[in-house]
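Next comes protein-v9.txt, a file with compact mmCIF, C-alpha atoms and all ligand atoms.
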# COMPACT_ATOMS: atom_id res chain seq x y z
CA MET A 1 -0.16 25.17 -0.92
CA LYS A 2 -0.84 21.54 0.05
CA SER A 3 0.92 20.44 3.24
CA TRP A 4 2.84 17.62 1.56
CA VAL A 5 4.23 20.06 -1.00
CA VAL A 6 5.70 22.00 1.89
CA VAL A 7 7.13 18.77 3.31
CA VAL A 8 8.77 17.95 -0.03
CA MET A 9 10.26 21.43 -0.31
CA LEU A 10 11.42 21.48 3.28
CA SER A 11 13.00 18.05 3.15
CA THR A 12 14.79 18.89 -0.10
CA ALA A 13 16.30 21.91 1.61
CA LEU A 14 17.20 19.83 4.67
CA ILE A 15 18.85 17.07 2.64
CA SER A 16 21.38 19.57 1.31
CA MET A 17 22.18 20.52 4.91
CA LEU A 18 23.03 16.98 6.08
CA PRO A 19 26.54 16.87 7.58
CA PRO A 20 29.33 15.34 5.50
CA GLU A 21 30.32 11.76 6.27
CA PRO A 22 33.29 11.10 8.60
CA SER A 23 36.81 11.15 7.20
CA ALA A 24 39.29 8.25 7.09
CA ALA A 25 40.90 7.37 10.44
CA ASP A 26 41.49 4.26 12.50
CA ASP A 27 39.45 3.51 15.60
CA LYS A 28 39.51 0.15 17.41
CA GLY A 29 40.35 -1.68 14.20
CA VAL A 30 37.35 -0.20 12.38
CA TYR A 31 38.15 1.68 9.20
CA LEU A 32 36.36 5.04 9.11
CA PHE A 33 36.02 5.61 5.43
CA LYS A 34 36.23 8.69 3.32
CA VAL A 35 34.38 9.00 0.04
CA PRO A 36 36.86 9.66 -2.79
CA ASP A 37 36.84 13.11 -4.30
CA LYS A 38 35.06 13.38 -7.66
CA SER A 39 38.28 14.84 -9.10
CA THR A 40 39.82 11.33 -8.87
CA ILE A 41 37.44 10.05 -11.57
CA PRO A 42 39.66 9.64 -14.64
CA ASN A 43 38.87 11.28 -17.96
CA GLY A 44 37.95 9.06 -20.89
CA PRO A 45 36.01 5.80 -21.15
CA ALA A 46 36.93 4.53 -17.65
CA GLY A 47 35.59 7.71 -16.06
CA GLU A 48 32.48 7.59 -18.23
CA MET A 49 31.75 4.07 -16.95
CA ILE A 50 32.00 5.27 -13.35
CA GLY A 51 29.64 8.17 -14.08
CA ARG A 52 27.24 5.80 -15.81
CA GLY A 53 27.30 3.49 -12.77
CA LEU A 54 26.43 6.40 -10.49
CA MET A 55 23.57 7.36 -12.81
CA LEU A 56 22.23 3.78 -12.77
CA VAL A 57 22.18 3.44 -8.98
CA THR A 58 20.48 6.80 -8.47
CA HIS A 59 17.96 6.65 -11.36
CA THR A 60 17.47 2.91 -11.60
CA PRO A 61 13.82 2.58 -12.74
CA ARG A 62 14.22 5.19 -15.48
CA GLU A 63 17.57 3.95 -16.76
CA LEU A 64 16.88 0.22 -16.44
CA PRO A 65 13.12 -0.22 -16.91
CA LEU A 66 13.53 -3.82 -18.08
CA TYR A 67 15.35 -4.78 -14.87
CA ALA A 68 14.15 -2.55 -12.05
CA LEU A 69 10.47 -3.46 -11.98
CA SER A 70 9.64 -1.82 -8.62
CA SER A 71 9.57 1.94 -8.10
CA LEU A 72 12.75 1.84 -6.02
CA ARG A 73 16.25 2.91 -6.92
CA CYS A 74 19.40 1.46 -5.34
CA SER A 75 20.15 4.65 -3.42
CA ASN A 76 16.80 4.63 -1.60
CA CYS A 77 18.46 2.15 0.78
CA HIS A 78 22.17 2.53 -0.06
CA LEU A 79 21.90 6.20 0.86
CA LYS A 80 23.73 8.86 -1.13
CA ALA A 81 24.70 6.27 -3.73
CA GLY A 82 26.36 3.91 -1.26
CA THR A 83 28.47 6.46 0.60
CA VAL A 84 26.78 6.48 4.03
CA ALA A 85 27.91 4.31 6.96
CA PHE A 86 25.11 2.15 8.47
CA ALA A 87 23.20 2.39 5.19
CA ALA A 88 25.00 -0.52 3.46
CA PRO A 89 27.86 1.58 2.03
CA TRP A 90 29.71 0.36 -1.04
CA VAL A 91 32.98 1.99 -0.03
CA GLY A 92 35.36 -0.98 0.24
CA VAL A 93 32.73 -3.44 -0.99
CA ILE A 94 34.84 -4.82 -3.84
CA HIS A 95 37.22 -6.37 -1.29
CA ARG A 96 34.39 -8.35 0.33
CA TYR A 97 33.66 -10.55 -2.64
CA PRO A 98 33.64 -13.37 -3.58
CA ARG A 99 32.29 -14.60 -0.27
CA TYR A 100 30.18 -17.45 1.02
CA SER A 101 26.43 -16.90 1.19
CA SER A 102 24.38 -19.36 3.23
CA ARG A 103 21.26 -18.09 1.43
CA SER A 104 22.46 -19.69 -1.80
CA ASP A 105 25.05 -22.07 -0.28
CA LYS A 106 27.58 -20.71 -2.81
CA ASN A 107 30.51 -18.40 -3.02
CA VAL A 108 29.00 -15.33 -4.65
CA THR A 109 30.82 -12.68 -6.64
CA LEU A 110 30.06 -8.98 -6.32
CA ALA A 111 28.09 -9.16 -9.59
CA GLN A 112 25.98 -12.02 -8.21
CA ARG A 113 25.37 -10.07 -4.99
CA ILE A 114 24.19 -7.11 -7.07
CA GLN A 115 21.93 -9.45 -9.05
CA GLY A 116 20.38 -10.46 -5.72
CA CYS A 117 19.41 -6.83 -5.00
CA PHE A 118 17.92 -6.46 -8.49
CA ARG A 119 15.74 -9.56 -8.00
CA ARG A 120 14.73 -8.94 -4.41
CA SER A 121 15.18 -5.30 -3.35
CA LEU A 122 14.05 -3.98 -6.74
CA ASN A 123 11.65 -6.90 -7.26
CA GLY A 124 13.04 -7.08 -10.78
CA LYS A 125 15.22 -9.02 -13.17
CA ALA A 126 18.98 -9.13 -12.96
CA PRO A 127 21.21 -7.85 -15.75
CA SER A 128 23.75 -10.48 -16.78
CA ILE A 129 27.23 -10.37 -15.32
CA ASP A 130 28.93 -9.20 -18.51
CA SER A 131 26.22 -6.66 -19.40
CA GLU A 132 26.96 -2.95 -19.71
CA PRO A 133 24.85 -1.90 -16.70
CA MET A 134 26.45 -4.48 -14.42
CA GLN A 135 29.97 -3.48 -15.53
CA ALA A 136 29.15 0.22 -15.00
CA ILE A 137 27.79 -0.38 -11.48
CA ILE A 138 30.89 -2.41 -10.58
CA ALA A 139 33.15 0.31 -12.06
CA TYR A 140 31.45 2.84 -9.77
CA MET A 141 31.85 0.57 -6.70
CA THR A 142 35.49 -0.08 -7.60
CA TRP A 143 36.13 3.66 -7.73
CA LEU A 144 34.35 4.14 -4.37
CA SER A 145 36.64 1.47 -2.90
CA ARG A 146 39.86 2.91 -4.34
CA ASP A 147 41.31 4.18 -1.04
CA VAL A 148 40.17 1.30 1.20
CA PRO A 149 42.83 -1.26 2.09
CA PRO A 150 41.74 -4.88 1.63
CA ASP A 151 41.10 -6.83 4.86
CA VAL A 152 39.84 -3.90 6.94
CA LYS A 153 36.54 -3.86 8.77
CA VAL A 154 34.66 -0.97 7.19
CA GLU A 155 32.66 1.27 9.50
CA GLY A 156 28.89 0.74 9.42
CA ARG A 157 28.95 -1.94 6.73
CA GLY A 158 25.51 -3.35 5.86
CA PHE A 159 22.65 -2.54 8.19
CA PRO A 160 24.21 -3.85 11.40
CA ALA A 161 21.58 -5.13 13.84
CA LEU A 162 21.02 -3.22 17.08
CA ALA A 163 22.77 -4.75 20.07
CA HIS A 164 19.68 -5.59 22.14
CA PRO A 165 16.71 -6.32 19.87
CA PRO A 166 13.44 -5.72 21.76
CA THR A 167 10.23 -7.70 21.13
CA PRO A 168 8.20 -5.67 18.61
CA ASN A 169 4.59 -4.56 19.05
CA ARG A 170 3.05 -4.30 15.59
CA GLN A 171 -0.08 -2.47 16.74
CA ARG A 172 2.03 0.29 18.30
CA GLY A 173 4.13 0.28 15.14
CA GLN A 174 1.03 1.09 13.09
CA GLU A 175 0.26 4.11 15.28
CA LEU A 176 3.85 5.30 15.25
CA PHE A 177 3.94 4.91 11.47
CA LYS A 178 1.04 7.36 11.09
CA ASP A 179 2.83 9.79 13.34
CA ARG A 180 6.42 9.58 12.16
CA CYS A 181 6.48 8.17 8.62
CA ALA A 182 3.19 8.71 6.77
CA VAL A 183 3.84 12.41 6.16
CA CYS A 184 6.52 11.44 3.64
CA HIS A 185 5.86 7.82 2.65
CA GLY A 186 2.06 8.19 2.57
CA LYS A 187 -0.65 6.72 4.81
CA ASP A 188 -0.87 3.74 2.48
CA GLY A 189 2.92 3.30 2.38
CA GLY A 190 2.86 3.89 -1.37
CA GLY A 191 5.35 6.76 -1.36
CA ARG A 192 4.96 10.16 -2.97
CA LEU A 193 5.91 11.44 -6.36
CA ASN A 194 7.94 14.60 -6.74
CA GLU A 195 5.84 17.63 -7.51
CA LYS A 196 7.86 18.36 -10.65
CA PRO A 197 8.78 15.34 -12.78
CA GLN A 198 12.40 14.36 -12.35
CA ARG A 199 14.52 11.49 -13.53
CA TYR A 200 13.78 9.60 -10.33
CA PRO A 201 10.11 10.39 -9.89
CA TYR A 202 9.66 9.50 -6.22
CA GLY A 203 10.37 12.18 -3.63
CA PHE A 204 9.60 9.49 -1.07
CA PRO A 205 9.79 5.84 -2.09
CA PRO A 206 7.09 3.21 -1.43
CA LEU A 207 7.54 1.05 1.68
CA TRP A 208 5.04 -1.60 0.66
CA GLY A 209 2.65 -2.52 -2.14
CA ASP A 210 3.45 -3.42 -5.76
CA GLY A 211 6.10 -0.71 -6.12
CA SER A 212 8.23 -1.80 -3.19
CA PHE A 213 10.79 -4.49 -2.37
CA ASN A 214 9.59 -8.11 -2.24
CA ILE A 215 9.41 -10.48 0.75
CA ALA A 216 12.82 -12.00 -0.06
CA ALA A 217 14.66 -8.66 0.21
CA GLY A 218 17.01 -7.96 3.11
CA MET A 219 14.88 -4.93 4.00
CA ALA A 220 11.92 -7.28 4.54
CA ARG A 221 13.78 -8.80 7.50
CA LEU A 222 13.02 -7.37 10.92
CA HIS A 223 16.55 -6.79 12.22
CA LYS A 224 17.80 -5.09 9.04
CA ALA A 225 14.70 -2.92 8.62
CA ALA A 226 14.76 -1.91 12.30
CA ALA A 227 18.47 -1.05 12.13
CA PHE A 228 17.97 1.14 9.05
CA ILE A 229 14.88 2.84 10.48
CA LYS A 230 16.51 3.46 13.87
CA ARG A 231 19.61 5.08 12.42
CA LYS A 232 18.34 6.76 9.24
CA MET A 233 14.60 7.46 9.52
CA PRO A 234 12.72 9.77 9.69
CA PHE A 235 14.99 10.95 6.91
CA THR A 236 16.01 14.24 8.46
CA ALA A 237 15.91 12.97 12.05
CA GLY A 238 17.75 9.62 12.06
CA GLY A 239 18.53 8.32 15.56
CA THR A 240 15.54 10.00 17.24
CA LEU A 241 13.42 6.84 17.57
CA SER A 242 14.03 4.51 20.51
CA ASP A 243 15.10 0.92 19.72
CA GLN A 244 11.62 -0.21 20.77
CA GLU A 245 9.92 2.30 18.46
CA ALA A 246 12.18 1.33 15.53
CA TYR A 247 11.33 -2.36 16.06
CA ASP A 248 7.61 -1.66 16.42
CA ILE A 249 7.53 0.36 13.19
CA ALA A 250 9.77 -2.09 11.29
CA ASP A 251 7.56 -5.02 12.29
CA PHE A 252 4.50 -3.15 11.03
CA VAL A 253 6.13 -2.06 7.75
CA ILE A 254 7.63 -5.42 6.75
CA HIS A 255 4.34 -7.23 7.33
CA GLN A 256 2.33 -5.01 4.98
CA PRO A 257 1.41 -6.51 1.59
CA ARG A 258 4.33 -6.68 -0.81
CA PRO A 259 5.34 -8.76 -3.85
CA ASP A 260 6.17 -12.43 -3.36
CA TYR A 261 9.42 -13.93 -4.67
CA ALA A 262 9.36 -16.89 -7.04
CA GLY A 263 12.20 -19.20 -6.06
CA LYS A 264 12.16 -18.37 -2.35
CA GLU A 265 11.92 -22.10 -1.59
CA ASN A 266 15.49 -22.49 -2.91
CA ASP A 267 16.92 -20.12 -0.28
CA TRP A 268 19.11 -21.51 2.51
CA PRO A 269 19.29 -25.01 0.98
CA LYS A 270 21.73 -26.21 3.67
CA GLY A 271 20.00 -24.47 6.59
CA GLY A 272 21.17 -21.39 8.46
CA LYS A 273 17.96 -19.49 7.76
CA PRO A 274 17.95 -16.39 9.98
CA ASP A 275 15.18 -16.12 12.59
CA ASP A 276 13.74 -13.02 10.91
CA ALA A 277 13.39 -14.50 7.38
CA ARG A 278 9.85 -13.94 6.11
CA TYR A 279 9.35 -17.47 4.73
C1 LIG A 301 15.04 -1.92 -0.40
C2 LIG A 301 16.42 -1.61 -0.04
C3 LIG A 301 17.51 -1.93 -1.05
C4 LIG A 301 17.60 -1.53 -2.37
C5 LIG A 301 16.61 -0.71 -3.16
C6 LIG A 301 18.84 -2.08 -2.87
N1 LIG A 301 19.49 -2.77 -1.89
FE1 LIG A 301 21.35 -3.58 -2.00
N2 LIG A 301 21.19 -4.26 -0.08
C7 LIG A 301 20.07 -4.11 0.71
C8 LIG A 301 20.25 -4.87 1.93
C9 LIG A 301 19.26 -4.99 3.08
C10 LIG A 301 21.53 -5.47 1.84
C11 LIG A 301 22.21 -6.39 2.88
C12 LIG A 301 23.06 -5.56 3.79
C13 LIG A 301 23.61 -6.36 4.96
O1 LIG A 301 24.33 -7.33 4.69
O2 LIG A 301 23.32 -6.01 6.12
C14 LIG A 301 22.08 -5.07 0.57
C15 LIG A 301 23.35 -5.44 0.12
C16 LIG A 301 23.90 -5.02 -1.08
C17 LIG A 301 25.28 -5.27 -1.47
C18 LIG A 301 26.33 -5.99 -0.62
C19 LIG A 301 26.91 -5.02 0.38
C20 LIG A 301 27.99 -5.61 1.27
O3 LIG A 301 28.53 -4.85 2.07
O4 LIG A 301 28.28 -6.80 1.19
C21 LIG A 301 25.46 -4.70 -2.70
C22 LIG A 301 26.73 -4.66 -3.50
C23 LIG A 301 24.18 -4.11 -3.08
N3 LIG A 301 23.27 -4.33 -2.07
C24 LIG A 301 23.94 -3.46 -4.27
C25 LIG A 301 22.69 -2.94 -4.65
C26 LIG A 301 22.42 -2.36 -5.94
C27 LIG A 301 23.44 -2.20 -7.05
C28 LIG A 301 21.11 -1.98 -5.93
C29 LIG A 301 20.32 -1.43 -7.09
C30 LIG A 301 20.38 -2.22 -8.32
C31 LIG A 301 20.58 -2.27 -4.61
N4 LIG A 301 21.55 -2.89 -3.88
C32 LIG A 301 19.30 -1.95 -4.18
C33 LIG A 301 18.98 -3.32 0.45
C34 LIG A 301 18.70 -2.70 -0.76
C1 LIG A 302 11.10 13.68 5.81
C2 LIG A 302 10.59 12.62 4.99
C3 LIG A 302 10.71 11.19 5.50
C4 LIG A 302 10.20 10.68 6.67
C5 LIG A 302 9.38 11.40 7.73
C6 LIG A 302 10.52 9.27 6.66
N1 LIG A 302 11.22 8.95 5.53
FE1 LIG A 302 11.85 7.07 4.96
N2 LIG A 302 12.74 7.84 3.33
C7 LIG A 302 12.70 9.18 2.96
C8 LIG A 302 13.47 9.36 1.74
C9 LIG A 302 13.68 10.67 1.00
C10 LIG A 302 13.99 8.08 1.41
C11 LIG A 302 14.88 7.73 0.22
C12 LIG A 302 16.26 8.26 0.40
C13 LIG A 302 16.97 8.51 -0.91
O1 LIG A 302 16.55 8.01 -1.96
O2 LIG A 302 17.98 9.23 -0.88
C14 LIG A 302 13.49 7.14 2.42
C15 LIG A 302 13.75 5.77 2.42
C16 LIG A 302 13.19 4.87 3.29
C17 LIG A 302 13.31 3.42 3.21
C18 LIG A 302 14.09 2.63 2.18
C19 LIG A 302 13.45 2.65 0.82
C20 LIG A 302 12.08 2.01 0.74
O3 LIG A 302 11.20 2.61 0.09
O4 LIG A 302 11.86 0.93 1.31
C21 LIG A 302 12.62 2.90 4.27
C22 LIG A 302 12.46 1.44 4.63
C23 LIG A 302 12.07 4.02 5.01
N3 LIG A 302 12.41 5.20 4.38
C24 LIG A 302 11.30 3.89 6.16
C25 LIG A 302 10.82 4.97 6.89
C26 LIG A 302 10.10 4.84 8.13
C27 LIG A 302 9.73 3.52 8.78
C28 LIG A 302 9.81 6.10 8.58
C29 LIG A 302 9.17 6.51 9.88
C30 LIG A 302 9.95 6.22 11.06
C31 LIG A 302 10.33 7.02 7.59
N4 LIG A 302 10.94 6.30 6.58
C32 LIG A 302 10.16 8.39 7.66
C33 LIG A 302 12.04 10.19 3.59
C34 LIG A 302 11.36 10.09 4.79
I'd like the structure from this file rewritten - as C-alpha cells, please.
Amino acid sequence: MKSWVVVVMLSTALISMLPPEPSAADDKGVYLFKVPDKSTIPNGPAGEMIGRGLMLVTHTPRELPLYALSSLRCSNCHLKAGTVAFAAPWVGVIHRYPRYSSRSDKNVTLAQRIQGCFRRSLNGKAPSIDSEPMQAIIAYMTWLSRDVPPDVKVEGRGFPALAHPPTPNRQRGQELFKDRCAVCHGKDGGGRLNEKPQRYPYGFPPLWGDGSFNIAAGMARLHKAAAFIKRKMPFTAGGTLSDQEAYDIADFVIHQPRPDYAGKENDWPKGGKPDDARY
C-alpha cells in the first residue's frame, strides 16, 4: 500500500477521535460556546434549508460549481462546518453583522461578508444576496447562533493573531513544510485527492496553486495564516508547532504562487491596510 494511502486512512480514523468542543460557560467575559444539538433543527422547509446550508459549506465545489472556482470548501478553514473555536467559528456570527469593514469602507451585512469569502477564499464568484444558496448558508449560520446571546464576545472568533508575532524565516519555513505538512498537502502544496471518490474530493486541500485561495483572502495574510497553522495544523497535532515555526511555515506558504484578485486595488480605499496585506 502506498504510504500516503496509509496517511489518509490513519487521519480519517484520527479525525473521528478529536475531542468534542467545549460547552457553554462564562469565563472572563468570553462566551464559551456550545454547538446546538442536531435535534433542534426543525422539521419542514426551515429545517431543510439549514441542512442544505450545511451541505453547501461542506461540499462547496460540487454543490456550487459556478461559484466555488477553487478546489476548496468553506469548512477547510471554518473547521467542522464553522463549529470550532480559533478556526473562525460561525456560532454567534449572525449577531456580528452588519459591521464596518475598513477593507471596503462600508457597513457590510453577513451576506456581503460571505460573498467576500466566495470571491477571495474560494477564488470564485459570489451568489447574490437573495439567491437560494446564500439564504441556505445564512439559515445554517442562524441555527448555529441560536443559543448565543447578542453582544457577547465569542470564544476564539476569527483566527486571532498570536500575542507576540516573531519575525518569520521563509527558508526555514520551506524546510519545516517538507517535514510537517507535505505528507498530507503534497510537496507541491497541491493537496491530495481522496482515494475513493467522495462528494468533496480532496482528502487534503491545496495550500497554493490554481486550486487554492487567492492573494486577497484572509488566509493569505501572515498573522491569520500563522494563527490557524499554530493552533490547528498539522491537522491531528494542532498546537505542537512553536510560534516561530508557525510563522516560518505561514510565511513560506502564503508566498507560494496563487491566483491574483481582480479588484484588489479597490481594497482599503480610506486607508487602514493591515501590515500583512499581500498588495
Ligand atoms: C481559505 C480559508 C477560507 C475558506 C475556504 C473560507 N473562509 Fe470564510 N473566512 C476566512 C478568514 C481568514 C476569515 C476572517 C476571519 C477573521 O476575521 O479573523 C473568514 C471570515 C468569514 C466570515 C466572518 C466570520 C466572523 O466572525 O466575522 C464568514 C461568515 C465566512 N468567512 C464565511 C465563509 C463561507 C460561507 C465560506 C464558503 C463559501 C468561507 N467562509 C470559506 C477564511 C476562509
Ligand atoms: C494529517 C494531515 C495534515 C497535515 C500533516 C497538515 N494538514 Fe493542513 N489540513 C488537513 C486537512 C484534512 C485540512 C482540511 C480540514 C477539513 O476540511 O476539515 C487542512 C487544512 C489546512 C488549511 C486550510 C485550507 C487550505 O487548503 O488552505 C491550511 C492553510 C493548512 N491545512 C495548512 C497546513 C500546514 C501549514 C501544515 C503543516 C504545519 C499542515 N496543514 C499539515 C490535513 C493536514
*Which of these residues is nearest to Asn266 (chain A), using all atoms listed in the file: A:Met233, A:Gly190, A:Ala216, A:Thr240?*
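Nearest candidate to Asn266 (chain A) out of A:Met233, A:Gly190, A:Ala216, A:Thr240: A:Ala216.
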*Determine, counting all atoms listed in the file, which protein, DNA and RNA residues have an atom within 7 Å of an atom of region 111-116 of chain A; residues of the same chain fewer than 2 positions away are not included. Present the result as a ChimeraX atom specification.*
/A:108-109,118-120,126-127,129,134
*Please provide the set of residues having any atom within 12 Å of Ser101 (chain A), restricted to only C-alpha atoms, with same-chain residues fewer than 4 positions apart removed, written as a PyMOL selection string.*
chain A and resi 96-97+105-110+112-113+116+267-273
Grab the residues selected above and save them as a PDB file, in the coordinates of the input with C-alpha atoms.
ATOM      1  CA  ARG A  96      34.390  -8.350   0.330  1.00  0.00           C
ATOM      2  CA  TYR A  97      33.660 -10.550  -2.640  1.00  0.00           C
ATOM      3  CA  ASP A 105      25.050 -22.070  -0.280  1.00  0.00           C
ATOM      4  CA  LYS A 106      27.580 -20.710  -2.810  1.00  0.00           C
ATOM      5  CA  ASN A 107      30.510 -18.400  -3.020  1.00  0.00           C
ATOM      6  CA  VAL A 108      29.000 -15.330  -4.650  1.00  0.00           C
ATOM      7  CA  THR A 109      30.820 -12.680  -6.640  1.00  0.00           C
ATOM      8  CA  LEU A 110      30.060  -8.980  -6.320  1.00  0.00           C
ATOM      9  CA  GLN A 112      25.980 -12.020  -8.210  1.00  0.00           C
ATOM     10  CA  ARG A 113      25.370 -10.070  -4.990  1.00  0.00           C
ATOM     11  CA  GLY A 116      20.380 -10.460  -5.720  1.00  0.00           C
ATOM     12  CA  ASP A 267      16.920 -20.120  -0.280  1.00  0.00           C
ATOM     13  CA  TRP A 268      19.110 -21.510   2.510  1.00  0.00           C
ATOM     14  CA  PRO A 269      19.290 -25.010   0.980  1.00  0.00           C
ATOM     15  CA  LYS A 270      21.730 -26.210   3.670  1.00  0.00           C
ATOM     16  CA  GLY A 271      20.000 -24.470   6.590  1.00  0.00           C
ATOM     17  CA  GLY A 272      21.170 -21.390   8.460  1.00  0.00           C
ATOM     18  CA  LYS A 273      17.960 -19.490   7.760  1.00  0.00           C
TER      19      LYS A 273
END
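Comparing the minimum interatomic distances between ligand LIG 301 (chain A) and each of A:Gly158, A:Pro205, A:Pro197, A:Gly189, counting only C-alpha atoms and all ligand atoms, we find that A:Gly158 sits nearest.
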Neighbouring residues of ligand LIG 301 (chain A) are defined here as those with any atom at most 7 Å from a ligand atom, counting all atoms listed in the file; list them as a JSON list (two decimals) with C-alpha atoms, in the frame of the given file.
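Writing done, so here's result-v3.json:
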[["chain", "number", "residue", "atom", "x", "y", "z"],
["A", 57, "VAL", "CA", 22.18, 3.44, -8.98],
["A", 60, "THR", "CA", 17.47, 2.91, -11.60],
["A", 72, "LEU", "CA", 12.75, 1.84, -6.02],
["A", 73, "ARG", "CA", 16.25, 2.91, -6.92],
["A", 74, "CYS", "CA", 19.40, 1.46, -5.34],
["A", 75, "SER", "CA", 20.15, 4.65, -3.42],
["A", 76, "ASN", "CA", 16.80, 4.63, -1.60],
["A", 77, "CYS", "CA", 18.46, 2.15, 0.78],
["A", 78, "HIS", "CA", 22.17, 2.53, -0.06],
["A", 88, "ALA", "CA", 25.00, -0.52, 3.46],
["A", 89, "PRO", "CA", 27.86, 1.58, 2.03],
["A", 90, "TRP", "CA", 29.71, 0.36, -1.04],
["A", 93, "VAL", "CA", 32.73, -3.44, -0.99],
["A", 96, "ARG", "CA", 34.39, -8.35, 0.33],
["A", 110, "LEU", "CA", 30.06, -8.98, -6.32],
["A", 113, "ARG", "CA", 25.37, -10.07, -4.99],
["A", 114, "ILE", "CA", 24.19, -7.11, -7.07],
["A", 117, "CYS", "CA", 19.41, -6.83, -5.00],
["A", 118, "PHE", "CA", 17.92, -6.46, -8.49],
["A", 121, "SER", "CA", 15.18, -5.30, -3.35],
["A", 122, "LEU", "CA", 14.05, -3.98, -6.74],
["A", 137, "ILE", "CA", 27.79, -0.38, -11.48],
["A", 157, "ARG", "CA", 28.95, -1.94, 6.73],
["A", 158, "GLY", "CA", 25.51, -3.35, 5.86],
["A", 159, "PHE", "CA", 22.65, -2.54, 8.19],
["A", 160, "PRO", "CA", 24.21, -3.85, 11.40],
["A", 213, "PHE", "CA", 10.79, -4.49, -2.37],
["A", 217, "ALA", "CA", 14.66, -8.66, 0.21],
["A", 218, "GLY", "CA", 17.01, -7.96, 3.11],
["A", 219, "MET", "CA", 14.88, -4.93, 4.00],
["A", 224, "LYS", "CA", 17.80, -5.09, 9.04]]
*List all protein, DNA and RNA residues that have at least one atom no more than 6 Å from any atom of ligand LIG 302 (chain A), counting only C-alpha atoms and all ligand atoms, and write them as an MDAnalysis selection string.*
chainID A and resid 11 75:77 79:80 177 180:181 183:184 203:207 229 233:236 249
*Excluding Gly47 (chain A) and residues on its chain fewer than 6 positions from it, collect all residues at most 10 Å away from it, counting all atoms listed in the file, and give them as a PyMOL selection string.*
chain A and resi 40-41+53+136+139-140+143
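For the set A:Ile254, A:Ala68, A:Ile94, A:Leu162, the residue with the smallest atom-to-atom gap to Leu56 (chain A) is A:Ala68, counting all atoms listed in the file.
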*So how far away is CA of Val84 (chain A) from CA of Ser242 (chain A), in Å?*
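The value is 20.9 Å.
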Take region 231-236 of chain A from the block and save it with all heavy atoms, as a tab-separated table (two decimals), in the first residue's frame.
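Done, and the output landed in selection02.tsv:
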chain	number	residue	atom	x	y	z
A	231	ARG	N	-2.47	26.80	15.73
A	231	ARG	CA	-3.46	26.17	16.61
A	231	ARG	C	-4.06	24.90	16.02
A	231	ARG	O	-4.50	24.03	16.77
A	231	ARG	CB	-4.59	27.15	16.90
A	231	ARG	CG	-4.10	28.39	17.66
A	231	ARG	CD	-5.27	29.17	18.21
A	231	ARG	NE	-4.83	30.34	18.96
A	231	ARG	CZ	-4.78	31.57	18.45
A	231	ARG	NH1	-5.14	31.80	17.21
A	231	ARG	NH2	-4.38	32.58	19.20
A	232	LYS	N	-4.11	24.80	14.68
A	232	LYS	CA	-4.91	23.72	14.07
A	232	LYS	C	-4.13	22.77	13.17
A	232	LYS	O	-4.68	21.78	12.72
A	232	LYS	CB	-6.06	24.33	13.26
A	232	LYS	CG	-7.00	25.20	14.08
A	232	LYS	CD	-7.68	24.40	15.18
A	232	LYS	CE	-8.48	25.27	16.12
A	232	LYS	NZ	-8.85	24.54	17.35
A	233	MET	N	-2.88	23.08	12.85
A	233	MET	CA	-2.12	22.21	11.95
A	233	MET	C	-0.81	21.80	12.62
A	233	MET	O	-0.30	22.55	13.44
A	233	MET	CB	-1.81	22.93	10.62
A	233	MET	CG	-3.05	23.16	9.77
A	233	MET	SD	-3.73	21.61	9.13
A	233	MET	CE	-5.49	21.94	9.22
A	234	PRO	N	-0.21	20.63	12.30
A	234	PRO	CA	-0.78	19.59	11.47
A	234	PRO	C	-2.14	19.14	12.02
A	234	PRO	O	-2.33	19.15	13.24
A	234	PRO	CB	0.25	18.46	11.54
A	234	PRO	CG	1.53	19.13	11.96
A	234	PRO	CD	1.12	20.29	12.81
A	235	PHE	N	-3.01	18.73	11.12
A	235	PHE	CA	-4.41	18.52	11.43
A	235	PHE	C	-4.66	17.76	12.73
A	235	PHE	O	-5.54	18.11	13.50
A	235	PHE	CB	-5.07	17.80	10.25
A	235	PHE	CG	-6.56	17.82	10.31
A	235	PHE	CD1	-7.24	19.01	10.25
A	235	PHE	CD2	-7.28	16.65	10.41
A	235	PHE	CE1	-8.63	19.04	10.29
A	235	PHE	CE2	-8.67	16.67	10.45
A	235	PHE	CZ	-9.34	17.87	10.40
A	236	THR	N	-3.92	16.70	12.94
A	236	THR	CA	-4.18	15.88	14.12
A	236	THR	C	-3.27	16.25	15.29
A	236	THR	O	-3.28	15.59	16.32
A	236	THR	CB	-3.96	14.40	13.78
A	236	THR	OG1	-2.74	14.31	13.06
A	236	THR	CG2	-5.10	13.87	12.92
